[in-house]
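Heads up, the thing below is written out as structure tokens.
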Protein chains: 2
Amino acid sequence: MGRWEPNARGRLGQAALELYIERGYEQTTVAEIAKRAGLTERTFFRHFADKREVLFYGSSTLQDHLVDAVAGAPDSAAPIDAIAGAVESVGVVFQGRRESARQRQSVIAATAELRERELIKLASLSAALADTLRRRGVTEPAASLAAEAGIAVFKIAFERWISGPGEPDLSQLVRESFDELKAVMAGR
Amino acid sequence: MGRWEPNARGRLGQAALELYIERGYEQTTVAEIAKRAGLTERTFFRHFADKREVLFYGSSTLQDHLVDAVAGAPDSAAPIDAIAGAVESVGVVFQGRRESARQRQSVIAATAELRERELIKLASLSAALADTLRRRGVTEPAASLAAEAGIAVFKIAFERWISGPGEPDLSQLVRESFDELKAVMAGR
């Protein structure tokens, strides 16, 4: 272990985002990220496999959070309510992180390789949620459909959250988007 | 123009699928595909940009079909009904192509690069459908939610179609999956 570096991961993440926005993702090197964060490349590689992973290490936290929330829903909860409750609760995970979420999204939107990676992560998330529902006894195709609906709502609420004016509440946007999807599916 | 080569595109597509399954996608070259089809590499490149495109050239046909169907739905159709009608009608596009769809899916499932490409194509399809709904006067987020629901149903019905026993009807599976999603969203 090297010397103690307070919040190295957060500092590297912030430095990487800044550089990706200033110079572009392709043009930024790990050496530059480490330098901007006042840390060494060695420290960078203790936290991240590569410069792409800096943008995606939060995905596993998000997945764990969603899977735990679905698994922990009351036995009596309908599949879609277990999913909706879980997706609503991600507001907590992103609390105070709207600006960095917005920066991250602009970097991802600019690079095909990163957009593909983001889609893969969302597809894995959907598969993990469907799997959790099946372990709760939900049959197919209901499990996969409820999971896909949840991820669609998350995606759309998240886009509204980072692009909307003012300081919208993510959980509130998730609730509204679920209600909207219910209305859409009911033919309204 | 070279000499007339009857159904060159179809022959190249079939030869490519066979080779991808026999040897693996990575290991197959364009020269081998052309040879198997009894055609030249030059002919291959008149039809496809590269060996990956052989697996995805159908996507634009599918997208055109779906967009036309949504655009052509009666003015009175609710957004989800315009989408459901369009997705149901893809049964015609895939008529008699279940075996090659199944082979194609097994090749894609085996290679990360191809899985990513497939997700990109589905995301573009969803964006194109949302755009078509907006041109019909549907507001956001309803347009994006209806489009995402349609693609989720298509994906799940398609998986059931290629993996199910017997000779299931794709349009019928789409209808059932839409009904199932409606029931799921209604909390059943």
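Quick note on naming: the chains in the structure tokens go A, B, ... in the order shown, residues restart at 1 in each chain, and ligands are numbered from 1 in order of appearance.
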### Task
Excluding range 160-162 of chain B and any residue of its chain fewer than 6 positions from it, enumerate the residues within 10 Å of it, using only C-alpha atoms, and give them as an MDAnalysis selection string.
(chainID A and resid 140:141) or (chainID B and resid 97:103 105 154 168:174 177)
Listing only residues of chain B within 9 Å of chain A, what is the closest atom pair and its distance in Å (to one decimal) for each, using only C-alpha atoms, sorted by chain and residue number ascending, as a Markdown table?
| residue | atom | partner | partner_atom | distance |
| --- | --- | --- | --- | --- |
| B:Ala77 | CA | A:Gly187 | CA | 8.8 |
| B:Ala78 | CA | A:Gly187 | CA | 5.5 |
| B:Pro79 | CA | A:Gly187 | CA | 7.1 |
| B:Ile80 | CA | A:Gly187 | CA | 6.0 |
| B:Asp81 | CA | A:Gly187 | CA | 6.9 |
| B:Arg115 | CA | A:Ile120 | CA | 8.3 |
| B:Glu116 | CA | A:Glu116 | CA | 5.8 |
| B:Arg117 | CA | A:Glu116 | CA | 7.5 |
| B:Leu119 | CA | A:Leu119 | CA | 6.5 |
| B:Ile120 | CA | A:Glu116 | CA | 6.5 |
| B:Ala123 | CA | A:Leu119 | CA | 8.2 |
| B:Pro141 | CA | A:Ser177 | CA | 7.3 |
| B:Ala142 | CA | A:Glu180 | CA | 6.5 |
| B:Ala143 | CA | A:Val184 | CA | 8.9 |
| B:Ser144 | CA | A:Ile156 | CA | 7.5 |
| B:Leu145 | CA | A:Leu181 | CA | 6.0 |
| B:Ala146 | CA | A:Val184 | CA | 6.4 |
| B:Glu148 | CA | A:Ala152 | CA | 6.1 |
| B:Ala149 | CA | A:Ala149 | CA | 6.6 |
| B:Ala152 | CA | A:Glu148 | CA | 6.1 |
| B:Val153 | CA | A:Leu145 | CA | 7.2 |
| B:Ile156 | CA | A:Pro141 | CA | 7.3 |
| B:Ala157 | CA | A:Pro141 | CA | 8.7 |
| B:Arg160 | CA | A:Pro141 | CA | 8.8 |
| B:Ser177 | CA | A:Pro141 | CA | 7.3 |
| B:Phe178 | CA | A:Met185 | CA | 8.8 |
| B:Glu180 | CA | A:Ala142 | CA | 6.5 |
| B:Leu181 | CA | A:Leu145 | CA | 6.0 |
| B:Lys182 | CA | A:Met185 | CA | 5.7 |
| B:Ala183 | CA | A:Ala142 | CA | 8.7 |
| B:Val184 | CA | A:Ile80 | CA | 6.2 |
| B:Met185 | CA | A:Lys182 | CA | 5.7 |
| B:Ala186 | CA | A:Lys182 | CA | 6.9 |
| B:Gly187 | CA | A:Ala78 | CA | 5.5 |
| B:Arg188 | CA | A:Ala78 | CA | 6.3 |
### Task
Please identify all polymer residues within 8 Å of Leu12 in chain A, counting only C-alpha atoms, omitting same-chain residues fewer than 2 positions from it, and present them as a PyMOL selection string.
chain A and resi 8-10+14-16+33-34+37+44+54
May I have the selected residues written with N, CA and C atoms, as a PDB file, in the first residue's frame?
ATOM      1  N   ALA A   8      -8.792   9.601  -2.790  1.00  0.00           N
ATOM      2  CA  ALA A   8      -8.095   9.520  -4.076  1.00  0.00           C
ATOM      3  C   ALA A   8      -9.068   9.212  -5.217  1.00  0.00           C
ATOM      4  N   ARG A   9      -9.989   8.306  -4.980  1.00  0.00           N
ATOM      5  CA  ARG A   9     -10.922   7.895  -6.026  1.00  0.00           C
ATOM      6  C   ARG A   9     -11.776   9.077  -6.506  1.00  0.00           C
ATOM      7  N   GLY A  10     -12.310   9.815  -5.542  1.00  0.00           N
ATOM      8  CA  GLY A  10     -13.132  10.969  -5.887  1.00  0.00           C
ATOM      9  C   GLY A  10     -12.328  12.036  -6.615  1.00  0.00           C
ATOM     10  N   GLN A  14     -13.010  13.304 -10.451  1.00  0.00           N
ATOM     11  CA  GLN A  14     -13.279  14.704 -10.768  1.00  0.00           C
ATOM     12  C   GLN A  14     -12.267  15.229 -11.793  1.00  0.00           C
ATOM     13  N   ALA A  15     -10.984  14.875 -11.584  1.00  0.00           N
ATOM     14  CA  ALA A  15      -9.934  15.318 -12.514  1.00  0.00           C
ATOM     15  C   ALA A  15     -10.186  14.762 -13.917  1.00  0.00           C
ATOM     16  N   ALA A  16     -10.588  13.488 -13.974  1.00  0.00           N
ATOM     17  CA  ALA A  16     -10.840  12.851 -15.275  1.00  0.00           C
ATOM     18  C   ALA A  16     -11.983  13.568 -15.998  1.00  0.00           C
ATOM     19  N   ILE A  33      -4.529  12.678 -15.998  1.00  0.00           N
ATOM     20  CA  ILE A  33      -5.569  12.612 -14.953  1.00  0.00           C
ATOM     21  C   ILE A  33      -4.912  12.575 -13.572  1.00  0.00           C
ATOM     22  N   ALA A  34      -3.904  11.711 -13.431  1.00  0.00           N
ATOM     23  CA  ALA A  34      -3.221  11.572 -12.141  1.00  0.00           C
ATOM     24  C   ALA A  34      -2.581  12.902 -11.741  1.00  0.00           C
ATOM     25  N   ALA A  37      -5.018  15.433 -10.530  1.00  0.00           N
ATOM     26  CA  ALA A  37      -5.537  15.095  -9.198  1.00  0.00           C
ATOM     27  C   ALA A  37      -4.453  15.198  -8.127  1.00  0.00           C
ATOM     28  N   PHE A  44      -3.678   5.824  -9.594  1.00  0.00           N
ATOM     29  CA  PHE A  44      -4.814   5.698 -10.522  1.00  0.00           C
ATOM     30  C   PHE A  44      -5.153   4.222 -10.732  1.00  0.00           C
ATOM     31  N   VAL A  54     -13.237   4.956 -15.140  1.00  0.00           N
ATOM     32  CA  VAL A  54     -13.522   6.099 -14.258  1.00  0.00           C
ATOM     33  C   VAL A  54     -14.975   6.548 -14.420  1.00  0.00           C
TER      34      VAL A  54
END
Take chain B, superimpose it onto chain A by least squares using every C-alpha atom paired in sequence order, and output the result as a compact mmCIF listing (two decimals) with C-alpha atoms, in the first residue's frame.
# COMPACT_ATOMS: atom_id res chain seq x y z
CA MET B 1 0.03 0.05 0.20
CA GLY B 2 1.17 3.57 -0.63
CA ARG B 3 0.80 6.52 1.70
CA TRP B 4 -2.65 7.62 2.72
CA GLU B 5 -4.32 9.63 -0.02
CA PRO B 6 -7.57 11.14 1.20
CA ASN B 7 -10.44 10.53 -1.24
CA ALA B 8 -8.10 9.50 -4.06
CA ARG B 9 -10.92 7.89 -6.03
CA GLY B 10 -13.13 10.96 -5.89
CA ARG B 11 -10.24 13.29 -6.80
CA LEU B 12 -9.28 11.08 -9.76
CA GLY B 13 -12.88 10.93 -10.93
CA GLN B 14 -13.26 14.70 -10.77
CA ALA B 15 -9.91 15.32 -12.51
CA ALA B 16 -10.82 12.84 -15.28
CA LEU B 17 -14.21 14.49 -15.90
CA GLU B 18 -12.62 17.94 -16.08
CA LEU B 19 -10.02 16.77 -18.57
CA TYR B 20 -12.49 14.80 -20.71
CA ILE B 21 -14.57 17.97 -21.03
CA GLU B 22 -11.62 20.32 -21.63
CA ARG B 23 -9.64 18.14 -24.08
CA GLY B 24 -11.93 15.32 -25.08
CA TYR B 25 -11.96 11.74 -23.81
CA GLU B 26 -9.73 10.32 -26.56
CA GLN B 27 -7.05 12.95 -26.06
CA THR B 28 -6.74 12.54 -22.29
CA THR B 29 -4.12 10.20 -20.79
CA VAL B 30 -4.04 8.49 -17.41
CA ALA B 31 -0.82 10.38 -16.65
CA GLU B 32 -2.63 13.68 -17.13
CA ILE B 33 -5.55 12.60 -14.93
CA ALA B 34 -3.20 11.55 -12.12
CA LYS B 35 -1.24 14.81 -12.41
CA ARG B 36 -4.40 16.96 -12.31
CA ALA B 37 -5.53 15.09 -9.19
CA GLY B 38 -2.09 15.54 -7.57
CA LEU B 39 -1.61 11.77 -7.46
CA THR B 40 0.52 9.16 -9.24
CA GLU B 41 -0.41 6.87 -12.14
CA ARG B 42 0.22 4.00 -9.75
CA THR B 43 -2.52 5.32 -7.50
CA PHE B 44 -4.82 5.70 -10.50
CA PHE B 45 -4.38 2.03 -11.36
CA ARG B 46 -5.05 1.02 -7.77
CA HIS B 47 -8.55 2.44 -8.24
CA PHE B 48 -9.39 1.99 -11.93
CA ALA B 49 -8.49 -0.53 -14.65
CA ASP B 50 -8.35 2.17 -17.33
CA LYS B 51 -9.55 5.66 -18.20
CA ARG B 52 -12.93 4.36 -19.37
CA GLU B 53 -13.65 2.71 -16.03
CA VAL B 54 -13.51 6.10 -14.27
CA LEU B 55 -16.85 6.85 -15.94
CA PHE B 56 -18.49 3.53 -15.09
CA TYR B 57 -17.34 2.40 -11.66
CA GLY B 58 -20.55 3.87 -10.20
CA SER B 59 -22.64 1.39 -12.21
CA SER B 60 -21.98 -1.52 -9.88
CA THR B 61 -22.97 0.58 -6.85
CA LEU B 62 -26.19 1.49 -8.68
CA GLN B 63 -26.84 -2.13 -9.62
CA ASP B 64 -26.25 -3.36 -6.05
CA HIS B 65 -28.56 -0.67 -4.73
CA LEU B 66 -31.37 -1.56 -7.16
CA VAL B 67 -31.02 -5.32 -6.71
CA ASP B 68 -31.04 -4.99 -2.90
CA ALA B 69 -34.11 -2.77 -3.02
CA VAL B 70 -36.06 -5.19 -5.25
CA ALA B 71 -34.98 -8.18 -3.16
CA GLY B 72 -36.03 -6.36 0.01
CA ALA B 73 -39.51 -5.29 -1.18
CA PRO B 74 -42.43 -6.72 0.83
CA ASP B 75 -43.51 -10.17 -0.33
CA SER B 76 -46.92 -8.76 -1.12
CA ALA B 77 -45.55 -6.10 -3.53
CA ALA B 78 -46.56 -6.53 -7.18
CA PRO B 79 -43.50 -6.90 -9.46
CA ILE B 80 -43.87 -3.41 -10.92
CA ASP B 81 -44.21 -1.91 -7.43
CA ALA B 82 -41.02 -3.66 -6.29
CA ILE B 83 -39.26 -2.22 -9.35
CA ALA B 84 -40.79 1.25 -9.02
CA GLY B 85 -39.85 1.47 -5.35
CA ALA B 86 -36.27 0.47 -6.15
CA VAL B 87 -35.89 2.94 -9.02
CA GLU B 88 -37.43 5.74 -6.98
CA SER B 89 -34.91 5.13 -4.22
CA VAL B 90 -31.92 5.87 -6.50
CA GLY B 91 -32.59 9.53 -5.79
CA VAL B 92 -30.50 8.94 -2.65
CA VAL B 93 -27.57 7.46 -4.63
CA PHE B 94 -27.36 10.57 -6.83
CA GLN B 95 -28.01 13.14 -4.09
CA GLY B 96 -25.79 16.19 -4.61
CA ARG B 97 -24.26 14.71 -7.76
CA ARG B 98 -26.33 16.34 -10.47
CA GLU B 99 -23.52 18.51 -11.82
CA SER B 100 -21.06 15.61 -12.14
CA ALA B 101 -23.82 13.37 -13.59
CA ARG B 102 -24.47 16.06 -16.18
CA GLN B 103 -20.75 16.37 -17.03
CA ARG B 104 -20.39 12.60 -17.25
CA GLN B 105 -23.37 12.39 -19.61
CA SER B 106 -21.94 15.03 -21.93
CA VAL B 107 -18.64 13.11 -22.16
CA ILE B 108 -20.47 9.85 -22.89
CA ALA B 109 -22.73 11.45 -25.50
CA ALA B 110 -19.66 12.67 -27.42
CA THR B 111 -17.96 9.26 -27.86
CA ALA B 112 -19.47 6.21 -29.59
CA GLU B 113 -17.39 3.72 -27.55
CA LEU B 114 -18.74 5.24 -24.32
CA ARG B 115 -22.34 5.33 -25.53
CA GLU B 116 -22.07 1.60 -26.30
CA ARG B 117 -20.61 0.93 -22.88
CA GLU B 118 -23.47 2.84 -21.25
CA LEU B 119 -26.06 0.76 -23.15
CA ILE B 120 -24.31 -2.46 -22.05
CA LYS B 121 -24.44 -1.31 -18.44
CA LEU B 122 -28.17 -0.54 -18.70
CA ALA B 123 -28.81 -3.93 -20.32
CA SER B 124 -26.92 -5.68 -17.48
CA LEU B 125 -28.93 -3.69 -14.97
CA SER B 126 -32.17 -4.83 -16.61
CA ALA B 127 -30.99 -8.47 -16.63
CA ALA B 128 -30.02 -8.25 -12.94
CA LEU B 129 -33.43 -6.83 -12.01
CA ALA B 130 -35.28 -9.52 -14.01
CA ASP B 131 -33.18 -12.14 -12.26
CA THR B 132 -34.03 -10.69 -8.85
CA LEU B 133 -37.75 -10.75 -9.71
CA ARG B 134 -37.49 -14.38 -10.81
CA ARG B 135 -35.92 -15.24 -7.47
CA ARG B 136 -39.01 -13.65 -5.91
CA GLY B 137 -41.13 -16.13 -7.89
CA VAL B 138 -42.16 -13.82 -10.75
CA THR B 139 -42.51 -15.80 -14.00
CA GLU B 140 -41.40 -14.88 -17.51
CA PRO B 141 -42.07 -12.78 -19.50
CA ALA B 142 -43.47 -10.65 -16.64
CA ALA B 143 -40.09 -10.48 -14.86
CA SER B 144 -38.20 -9.25 -17.94
CA LEU B 145 -40.98 -6.85 -18.94
CA ALA B 146 -41.17 -5.27 -15.48
CA ALA B 147 -37.36 -4.93 -15.41
CA GLU B 148 -37.27 -3.36 -18.90
CA ALA B 149 -40.05 -0.95 -17.93
CA GLY B 150 -38.07 0.04 -14.83
CA ILE B 151 -34.90 0.70 -16.80
CA ALA B 152 -36.81 2.66 -19.46
CA VAL B 153 -38.33 4.85 -16.74
CA PHE B 154 -34.95 5.27 -15.03
CA LYS B 155 -33.29 6.33 -18.32
CA ILE B 156 -35.97 8.85 -19.18
CA ALA B 157 -36.30 10.27 -15.66
CA PHE B 158 -32.49 10.55 -15.44
CA GLU B 159 -32.32 12.48 -18.73
CA ARG B 160 -35.03 14.83 -17.49
CA TRP B 161 -33.19 15.23 -14.20
CA ILE B 162 -29.85 16.27 -15.72
CA SER B 163 -31.28 18.38 -18.56
CA GLY B 164 -34.22 20.01 -16.79
CA PRO B 165 -34.22 23.59 -15.51
CA GLY B 166 -34.01 24.38 -11.79
CA GLU B 167 -33.10 21.68 -9.29
CA PRO B 168 -35.59 18.88 -9.98
CA ASP B 169 -35.91 15.94 -7.60
CA LEU B 170 -34.83 12.65 -9.23
CA SER B 171 -37.15 10.45 -7.15
CA GLN B 172 -40.07 12.72 -8.01
CA LEU B 173 -39.22 12.51 -11.73
CA VAL B 174 -39.05 8.70 -11.47
CA ARG B 175 -42.51 8.64 -9.85
CA GLU B 176 -43.94 10.93 -12.53
CA SER B 177 -42.38 8.87 -15.34
CA PHE B 178 -43.80 5.63 -13.90
CA ASP B 179 -47.25 7.24 -13.71
CA GLU B 180 -46.84 8.48 -17.27
CA LEU B 181 -45.85 4.99 -18.49
CA LYS B 182 -48.89 3.53 -16.73
CA ALA B 183 -51.11 6.08 -18.49
CA VAL B 184 -49.40 5.39 -21.85
CA MET B 185 -49.88 1.63 -21.45
CA ALA B 186 -53.53 2.19 -20.54
CA GLY B 187 -53.93 3.88 -23.95
CA ARG B 188 -54.15 7.46 -22.74
### Query
Got a sec to tell me which of range 16-171 of chain B DSSP assigns to alpha helix (DSSP H), as number ranges by chain?
B: 16-23, 30-37, 41-47, 58-71, 79-88, 90-93, 98-109, 112-135, 142-163, 170-171
